[in-house]
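Asks: The structure follows.
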Amino acid sequence: MTHAEATHQTSTGLDSRKIGMWVFIGSECLMFGSLISTYLVYHGKSVAGPTTREILNIPLTSISTFVLLMSSLAMVLALAAVTRNDIVWSRVWLATTAFLGLVFLGFQAFEFTTFVREGLTLQVSLFGSTFFVLTGTHGAHVAVGVLWLVSLLVRSFQGKLGAEKALNVELAGLYWHFVDVVWIVIFTVVYLLQ
Amino acid sequence: MASSAPADAMRLRSRIWSWVTTTDHKRIGILYGVSAFAFFLVGGLEALIMRLQLASSDNSVVSAETFNELFTMHGTTMVFLAVMPLSAAFFNFVVPLQIGARDVAFPRLNAFSYWVFLLGGLFMNVSFLVGAAPNAGWFGYANLTSTQFSPGLHVDFWAIGLQVLGIASIAAGINFIVTIVNLRAPGMRLMRMPVFTWMTLVTQFIVVTAFPVITAALVFLMFDRTFGTNFYVVAAGGDVLLWQHLFWLFGHPEVYILILPAMGIVSEVVPTFSRKPLFGYAVVVYSGLLIAILGWGVWAHHMFQVGLGPIADSVFAATTMLIAIPTGVKIFNWIATMWGGKLNFTTAMLFSVGFIAMFIIGGLSGVMHASPPADLQQTDTYFVVAHFHYVLVGGAVLGLFSGIYYWWPKVFGRMLSESIGKWHFWLTMIGANLTFFPMHFIGLLGMPRRIYTYDAALGLDTMNLVATLGAFTMALGTLVFVGNVLWTWRKGEAAAANPWDGAMLEWAIPSPPPAYNFSVTPTVKSRLPLWSEDGYEPKPLPEDPPEPIHLPDGSYWPPVTAVGIIVAAAGLLTGSLWVALVGIGVLVVGIYAWALEPFEV
């Protein structure tokens, strides 16, 4: 093991996976940047279908935004619990984070179905196309995050998520916080700045 | 003999299996090189058929429809399946050796990138077999790509194939950024890194930032075609220029993704064969960075003809002209490196000098259409074709061939024939100029691009015939190269560890390198480790590792995951939910098995 550890010494002193995660997040920023810019460029250019003012439900989405923000708090607590090798609380907070993520997805599913019933579909207008592709891409990211958190939870129940594996939780956390931050931008751009 | 046949078959199977499951950066580099060269031949063949068609006026070698497929696939293949992965072959083989590393940061992700690239390239080319090759140009302008104007699977192959290739590029980009940032040998400070490694780092930063943008644009296109969204639908209020902005926002940085690695190669080859350190190392590095940064602010010079208005035109003309400065600085630095040096014109050096000469011509015509009024005359004519082939064939391809001759001994332990190599160089050099120089005039005289035939009354027959002859001269040069490889395989002279007396760390280890690269990790003390008295420690490296070196086993999960992606892509293409779900299932299984398998780097 000594030589394996020797090869793990890195130029920056940081774990390679952590730097890799940051670079990935940087790459994702450009992806979401393109989606958000497209939404903004097409804002108010629709020639049919419901408008933003007619259809967006700010109070409802404020609740789901709050839920997602709280999930980030739970994520921080989960990482802290894993780092201090607190098995019970790491499970509690991981489960809480995943659950709050699921609640957010539930809100989104409700919002999407309501919108479709009220006449806002992918096809009806530029607003429909840009809105569903932007928020849908974000929702898919949340879903992947939930899957990741549940996987970590399973590892924990298998007894394989001790303090020495804290980095695995930290990586999931970086991703989770990023997805959360992206939502704050989307919420501001799409819902608040109509 | 008969009794050993099953044993031989077993051995062959296990040898193939070891290549499929390999995570060794050197083997993955070779896989990238071989695959990219095969795609390079396919793309070249497409060019030859086009040149046959254009050899004389009113010709009918191929139909207009086939011609559309040929120029679309020629561009797409050469950019995404030949030049980029050929550069990746060098990133893979050379960069870990230059920074004194055992492997890349994520060996399995590296294998994954390769398999996704290979399957994505095959996916795109399968379109020929089903008679639906992409036919809307490599730039795929909206709304030519809508279902109304492009029915059938042509554009779907293109849009889905490029997204698959984007996954491979971004994964590799992350991998190499982390490798270079984090796995340098002790003492290898950033400003001691070889310029090729520097240009790799810069290129990968462009890759991870530019590819997400085209991915978004392609997602919009795919949704428009598959689910009836309105991103590029004018009737719904959509703007077709959205595609052009997103595409060129990616497309211009892509140009630097293609050329910066070649510039890195030239920056290694020229000093070695001038017996002088690179002139102005720091300036060359900063110029590369500046090119990458400025490269993000010039995209609309591809769009002058759409009428963006005088202010936008002026700004983009100015930024475009600015980019000529760091590029020119590099050229002066290479020339200054040669100035007063002890020049040795090996084949590698000839290709590098050829690169410099051709890139100057391509750069000059590039600055010409940085000016909007000039561009309006030149755009969509053969003048532009001449320009970008001078920088991509004269630049990128010559640079990559230079790298092939330079590092071949290190990769395979044999020297490519210098005398055959010189034939290869001169045929390529003369052929490229015969092909592309007349295109400047053909274009200025008014022949448009992407048109399958032209009228005899234009009087362009002779120059077009010369261009066609030039293309076949280049093809002959490429055949000579293949001959050189075959000759070297059988009779090539064995290569020493440092046959060119190079200065960088890759020459400190045997040719070909052992699986573990460095018997002990060297400590670097100089920018030119092998050229300075106390450049690195220990000197020389011990022949055998003093302590056992752990090497990761292979893994078959990266190729399995790649197969999952391509099956999902096929499901998307054919609109079959079941196929897509099977693909996603394989992908998910692959990811979990990958994450859970014991694999110690």
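In the structure tokens, each chain is lettered A, B, ... as it comes, each chain's residues begin at 1, and ligands are numbered from 1 in order of appearance.
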Please provide the set of residues having any atom within 12 Å of Ile36 (chain A), restricted to only C-alpha atoms, with same-chain residues fewer than 2 positions apart removed, written as a ChimeraX atom specification.

Replies: /A:29-34,38-43,130-135,137-138,182-183,185-190 /B:213,216

Asks: Quick one: pick out all helix (DSSP H, G or I) residues within region 381-567 of chain B from a backbone DSSP run and write them as an MDAnalysis selection string.

Replies: chainID B and resid 382:412 418:444 456:458 461:491 505:508 557:567

Asks: Go through chain A and flag each residue having an atom no more than 10 Å from chain B; for those, report the closest pair of atoms plus their distance in Å to one decimal, using only C-alpha atoms, ordered by chain and rising number, as a Markdown table.

Replies:
```
| residue | atom | partner | partner_atom | distance |
| --- | --- | --- | --- | --- |
| A:Met1 | CA | B:His550 | CA | 9.3 |
| A:His3 | CA | B:Ile549 | CA | 7.4 |
| A:Ala4 | CA | B:His550 | CA | 6.8 |
| A:Glu5 | CA | B:Val601 | CA | 9.8 |
| A:Thr7 | CA | B:Arg102 | CA | 8.2 |
| A:His8 | CA | B:Val601 | CA | 8.3 |
| A:Gln9 | CA | B:Leu183 | CA | 8.2 |
| A:Thr10 | CA | B:Asn182 | CA | 5.2 |
| A:Ser11 | CA | B:Asn182 | CA | 4.6 |
| A:Thr12 | CA | B:Asn182 | CA | 5.7 |
| A:Gly13 | CA | B:Asn182 | CA | 7.9 |
| A:Leu14 | CA | B:Asn182 | CA | 7.7 |
| A:Asp15 | CA | B:Asn182 | CA | 8.2 |
| A:Ser16 | CA | B:Val178 | CA | 6.2 |
| A:Arg17 | CA | B:Val178 | CA | 8.2 |
| A:Lys18 | CA | B:Val178 | CA | 9.2 |
| A:Ile19 | CA | B:Val178 | CA | 6.3 |
| A:Gly20 | CA | B:Val178 | CA | 5.9 |
| A:Met21 | CA | B:Ile174 | CA | 8.5 |
| A:Trp22 | CA | B:Ile174 | CA | 9.2 |
| A:Val23 | CA | B:Ile174 | CA | 6.1 |
| A:Phe24 | CA | B:Ile174 | CA | 6.6 |
| A:Ile25 | CA | B:Val208 | CA | 9.9 |
| A:Gly26 | CA | B:Thr209 | CA | 7.5 |
| A:Ser27 | CA | B:Val208 | CA | 5.3 |
| A:Glu28 | CA | B:Pro212 | CA | 6.9 |
| A:Cys29 | CA | B:Pro212 | CA | 8.5 |
| A:Leu30 | CA | B:Pro212 | CA | 5.9 |
| A:Met31 | CA | B:Pro212 | CA | 4.7 |
| A:Phe32 | CA | B:Ala216 | CA | 8.2 |
| A:Gly33 | CA | B:Val213 | CA | 8.2 |
| A:Ser34 | CA | B:Val213 | CA | 5.9 |
| A:Leu35 | CA | B:Ala216 | CA | 6.6 |
| A:Thr38 | CA | B:Leu242 | CA | 7.8 |
| A:Tyr39 | CA | B:Phe231 | CA | 9.9 |
| A:Val41 | CA | B:Leu242 | CA | 8.7 |
| A:Tyr42 | CA | B:Gly238 | CA | 7.4 |
| A:Gly44 | CA | B:Gly237 | CA | 9.7 |
| A:Lys45 | CA | B:Gly237 | CA | 6.0 |
| A:Ser46 | CA | B:Gly237 | CA | 5.9 |
| A:Val47 | CA | B:Ala236 | CA | 6.0 |
| A:Ala48 | CA | B:Ala236 | CA | 7.6 |
| A:Thr121 | CA | B:Thr229 | CA | 9.0 |
| A:Leu122 | CA | B:Thr229 | CA | 5.7 |
| A:Gln123 | CA | B:Thr229 | CA | 4.7 |
| A:Val124 | CA | B:Thr229 | CA | 7.8 |
| A:Ser125 | CA | B:Ala236 | CA | 6.3 |
| A:Leu126 | CA | B:Asn230 | CA | 5.7 |
| A:Phe127 | CA | B:Asn230 | CA | 9.1 |
| A:Gly128 | CA | B:Thr229 | CA | 8.1 |
| A:Ser129 | CA | B:Thr229 | CA | 5.4 |
| A:Thr130 | CA | B:Phe231 | CA | 7.5 |
| A:Phe132 | CA | B:Thr229 | CA | 9.9 |
| A:Val133 | CA | B:Phe220 | CA | 8.2 |
| A:Leu134 | CA | B:Ala216 | CA | 9.9 |
| A:Ser151 | CA | B:Tyr592 | CA | 9.3 |
```

Asks: Taking 6 positions as the minimum chain separation for residues in the same chain, which residues sit within 7 Å of region 349-360 of chain B when counting only C-alpha atoms? Answer as a VMD selection string.

Replies: chain B and resid 266 269 to 270 273 331 390 to 391 394 to 395 398 to 399 401 to 402 425

Asks: So how far away is CA of Ala497 (chain B) from CA of Ser519 (chain B), in Å?

Replies: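 According to the coordinates, CA of Ser519 (chain B) and CA of Ala497 (chain B) are separated by 14.0 Å.
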
Asks: So which residues touch region 52-65 of chain A within 8 Å, counting only C-alpha atoms, skipping near sequence neighbours fewer than 4 positions away, as a PyMOL selection string?

Replies: chain A and resi 69+103-104+107+115+118+127+183-184+187+191-192+194

Asks: Name the residues in contact with Met439 (chain B) at a cut-off of 9 Å, using only C-alpha atoms, excluding same-chain residues fewer than 3 positions from it; report them as a PyMOL selection string.

Replies: chain B and resi 381-387+435-436+442-444+463-464+467

Asks: Tell me, as a compact mmCIF listing (two decimals) with C-alpha atoms, in the first residue's frame, which residues lie within 9 Å of region 33-38 of chain B, counting only C-alpha atoms; anything in the same chain fewer than 3 positions away does not count.

Replies:
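Writing the result to out-v4.txt gives the following:
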```
# COMPACT_ATOMS: atom_id res chain seq x y z
CA ILE B 28 -5.16 4.08 -25.87
CA GLY B 29 -2.99 6.60 -27.71
CA ILE B 30 -2.15 3.98 -30.33
CA LEU B 41 -8.46 7.91 -45.22
CA VAL B 42 -12.27 7.84 -45.44
CA GLY B 43 -12.46 11.63 -45.34
CA LEU B 81 -12.97 11.96 -36.58
CA ALA B 82 -9.51 12.64 -38.01
CA VAL B 83 -7.74 15.78 -36.76
CA MET B 84 -9.21 15.91 -33.22
CA PRO B 85 -8.61 12.21 -32.40
CA LEU B 86 -5.18 12.26 -34.09
CA SER B 87 -4.31 15.09 -31.69
CA ALA B 88 -5.82 12.96 -28.93
CA ALA B 89 -3.43 10.17 -29.89
CA PHE B 90 -0.53 12.51 -29.07
CA LEU B 118 -14.85 5.12 -32.10
```

Asks: At what distance in Å, to one decimal, does CA of Arg108 (chain B) lie from CA of Tyr32 (chain B)?

Replies: 14.7 Å

Asks: Which one of B:Glu46, B:Leu153, B:Ile509, B:Val283 sits closest to Thr226 (chain B) if you count only C-alpha atoms?

Replies: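 Among the listed residues, the smallest separation from Thr226 (chain B) belongs to B:Leu153.
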
Asks: Env of Thr83 (chain A): 8 Å cut, atoms = only C-alpha atoms, seq-sep filter 3 positions within chain, self excluded. Answer as a PDB file with N, CA and C atoms, in the first residue's frame.

Replies:
```pdb
ATOM      1  N   LEU A  79     -22.493  15.555   4.717  1.00  0.00           N
ATOM      2  CA  LEU A  79     -21.041  15.466   4.559  1.00  0.00           C
ATOM      3  C   LEU A  79     -20.346  15.595   5.916  1.00  0.00           C
ATOM      4  N   ALA A  80     -20.848  16.541   6.742  1.00  0.00           N
ATOM      5  CA  ALA A  80     -20.238  16.715   8.062  1.00  0.00           C
ATOM      6  C   ALA A  80     -20.366  15.434   8.875  1.00  0.00           C
ATOM      7  N   ASP A  86     -20.110   9.620  11.742  1.00  0.00           N
ATOM      8  CA  ASP A  86     -21.370   9.470  12.463  1.00  0.00           C
ATOM      9  C   ASP A  86     -22.361   8.752  11.540  1.00  0.00           C
ATOM     10  N   GLY A 162     -17.735   4.913   5.444  1.00  0.00           N
ATOM     11  CA  GLY A 162     -17.119   5.489   6.635  1.00  0.00           C
ATOM     12  C   GLY A 162     -16.449   6.809   6.317  1.00  0.00           C
ATOM     13  N   ALA A 163     -15.773   7.373   7.320  1.00  0.00           N
ATOM     14  CA  ALA A 163     -15.136   8.678   7.157  1.00  0.00           C
ATOM     15  C   ALA A 163     -14.092   8.652   6.038  1.00  0.00           C
ATOM     16  N   GLU A 164     -13.480   7.458   5.790  1.00  0.00           N
ATOM     17  CA  GLU A 164     -12.439   7.391   4.746  1.00  0.00           C
ATOM     18  C   GLU A 164     -13.035   7.565   3.356  1.00  0.00           C
ATOM     19  N   ALA A 166     -15.342   9.895   2.755  1.00  0.00           N
ATOM     20  CA  ALA A 166     -16.023  11.196   2.791  1.00  0.00           C
ATOM     21  C   ALA A 166     -15.938  11.908   1.437  1.00  0.00           C
TER      22      ALA A 166
END
```

Asks: Please indicate the distance in Å from CA of Met415 (chain B) to CA of Ala495 (chain B), rounded to one decimal place.

Replies: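 Distance between the two atoms: 5.6 Å.
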